[in-house]
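Asker: Shown below is the structure under consideration.
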Amino acid sequence: MKKIMSIMLALMLAISIPVFAEEGTIVDIAVESEDFSILVAALQQAELVGALQGEGPFTVFAPTDAAFAKLLGELGIEAGDLLAHPQLAEVLLYHVVSGKVMSTDLSDGMMAPTLKGDNITVDLSDGVKINSSNVVTADIEASNGVIHVIDTVLVPSDFVLSAEEEVEEAPGTIVDIAVGSEDFSILVAALQQAELVGALQGEGPFTVFAPTNEAFAKLLGQLGIEAGDLLAHPQLAEVLLYHVVSGKVMSTDLSDGMMAPTLKGDNITVDLEGGVKINSSNVVTADIEASNGVIHVIDTVLVPSDFVLSAEAPAEEEPAMTALPATGSSDTSGLTLLAGLGMIAIGAFVTFRRKING
């Protein structure tokens with residue numbers, strides 16, 4: 001009788017243990033453990049809970065809260081920063097392998113494709129490692145797979161942790177960059193007055209040879225002119241478009257004597273004999289990349305050959321003057337007298353030259 005009872009007890013244990021171990025999904029087991037609260041929050045944030053409650057089977061290498069804390073400490077960020085990261089789902093999927101892979105199925109140097117698409121590598125030379133993370137508890141079976149607990153978060157090679165790098169990869173438009181610089185306040189005001197801001201915020205791409213405030217001031221100082229007539233001048237937009245080339249032309253694309261058609265329709269000429277010149281203007285800073293093109297900073301305003309400064313503008317056509325936008329502000333609605341000085345200088349300079357040459 002005792003022998004029969006022992007056999008029956010053994011059979012009951014053999015039946016009950018697997019049922020107990022596999023009564024929940026991978027997510028159920030994670031939720032019930034105090035060690036996986038960050039992992040569960042991440043799965044919820046990335047909307048992967050439903051996937052890991054599916055039929056599977058899946059093998060999950062599950063980082064503990066201590067593993068996440070170690071990573072956050074190394075990076076100097078909060079858990080919220082990680083949960084808000086656009087690559088969060090990719091990181092989590094990098095911890096999941098399709099199929100049920102028990103510890104006895106692992107071999108040294110084995111590479112397993114994750115649901116992210118990248119491989120993870122098994123190292124059995126000193127315990128069990130997945131990449132550089134130690135497996136601290138293996139073979140926690142679930143109804144839809146198995147969990148192996150690891151002590152370090154697995155980070156895929158293409159994960160970008162620096163917020164600064166992300167910003168650099170997504171620059172603003174040409175107009176955004178110009179508005180954000182104190183060197184282009186006159187240029188920005190002229191673009192606004194000529195109603196070209198929207199165009200240069202478009203898809204493009206464009207190449208802009210951008211005169212600085214100093215470039216405008218240089219002509220103003222030489223010619224001593226006023227700003228009023230320029231803002232009403234019918235060729236203002238043409239002068240500005242003479243600084244713009246269609247396409248993204250980097251400095252490495254330039255060649256000596258190259259002629260490029262501008263959006264005005266006239267060509268500008270590249271001279272590489274003594275530095276880089278566009279017509280007679282020096283390029284002082286090259287290759288400022290924007291989301292819709294590139295800016296090359298020049299030290300002299302480019303003046304098209306057919307620009308004619310009218311002797312007088314009718315009083316009723318003179319524009320009203322308002323305040324110049326503050327440095328670094330995205331508000332380009334205002335203009336000051338200084339906003340139009342550069343373009344007046346252009347017209348006066350051409351007239352001046354014609355008088356001398358005539």
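All residue names refer to the structure tokens as shown: chains lettered A, B, ... in order, residues numbered from 1 in each chain, ligands numbered from 1 in order.
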Can you tell me, as a list of chain:residue names, what residues are no more than 6 Å from segment 24-36 of chain A when counting only C-alpha atoms, ignoring any on the same chain fewer than 2 positions away?

Answerer: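 The residues that qualify are A:Glu22, A:Ile38, A:Leu39, A:Gln53, A:Thr64, A:Asp65, A:Ala142, A:Ser143, A:Asn144.
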
Asker: Can you work out which one of A:Ser181, A:Ser37, A:Ser251, A:Thr212 has the shortest atom-to-atom distance to Pro63 of chain A, counting only C-alpha atoms?

Answerer: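 Result for the nearest residue to Pro63 of chain A: A:Ser37.
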
Asker: Choose the residue, out of A:Val276, A:Thr285, A:Ala51, A:Val303, that has the smallest atom-to-atom separation from Leu241 of chain A; count only C-alpha atoms.

Answerer: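 The answer is A:Val303, which sits nearest to Leu241 of chain A.
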
Asker: What's the separation between atom CA of Ala194 of chain A and atom CA of Ala237 of chain A, in Å to one decimal place?

Answerer: 5.3 Å

Asker: Run DSSP on the backbone of this structure and report the residues of segment 119-256 of chain A it assigns to strand (DSSP E or B), as a ChimeraX atom specification.

Answerer: /A:119-123,129-130,133-142,145-150,206-211,244-246

Asker: Can you work out the spacing between atom CA of Leu93 of chain A and atom CA of Val153 of chain A in Å, to one decimal?

Answerer: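 Straight-line distance from atom CA of Leu93 of chain A to atom CA of Val153 of chain A works out to 11.8 Å.
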
Asker: Residues within 9 Å of Ser255 of chain A, please, as a short mmCIF file (atom, residue, chain, number, x, y, z; two decimals) with C-alpha atoms, in the first residue's frame. Count only C-alpha atoms; anything in the same chain fewer than 6 positions from it doesn't count.

Answerer:
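What landed in result.cif:
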```cif
data_model
loop_
_atom_site.label_atom_id
_atom_site.label_comp_id
_atom_site.auth_asym_id
_atom_site.auth_seq_id
_atom_site.Cartn_x
_atom_site.Cartn_y
_atom_site.Cartn_z
CA VAL A 270 32.54 80.16 -59.14
CA ASP A 271 36.18 81.22 -58.78
CA LEU A 272 38.50 78.88 -56.84
#
```

Asker: Could you list, as a list of chain:residue names, every residue within 12 Å of Leu48 of chain A, counting only C-alpha atoms and ignoring same-chain residues fewer than 6 positions away?

Answerer: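 So, after excluding close chain neighbours, the residues are A:Ile26, A:Val27, A:Leu39, A:Val40, A:Ala41, A:Ala42, A:Gly54, A:Leu88, A:Ala89, A:Glu90, A:Val91, A:Leu92, A:Leu93, A:Val96, A:Leu115.
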
Asker: Export C-alpha atoms of the chosen residues as a compact mmCIF listing (two decimals), in the first residue's frame?

Answerer:
```
# COMPACT_ATOMS: atom_id res chain seq x y z
CA ILE A 26 5.51 35.47 -20.38
CA VAL A 27 3.80 38.77 -19.60
CA LEU A 39 10.37 45.89 -18.11
CA VAL A 40 6.59 45.63 -17.79
CA ALA A 41 6.23 49.42 -17.97
CA ALA A 42 8.40 49.47 -21.08
CA GLY A 54 0.26 35.67 -27.98
CA LEU A 88 12.08 51.70 -27.21
CA ALA A 89 10.16 48.98 -29.09
CA GLU A 90 13.30 48.06 -31.06
CA VAL A 91 15.30 47.67 -27.86
CA LEU A 92 12.67 45.42 -26.33
CA LEU A 93 12.37 43.27 -29.46
CA VAL A 96 13.11 38.37 -27.87
CA LEU A 115 12.51 39.92 -33.41
```

Asker: Counting only C-alpha atoms, figure out which residue out of A:Val128, A:Thr114, A:Asn292, A:Pro171 gets nearest to Glu203 of chain A.

Answerer: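 For Glu203 of chain A, the nearest of the candidates is A:Asn292.
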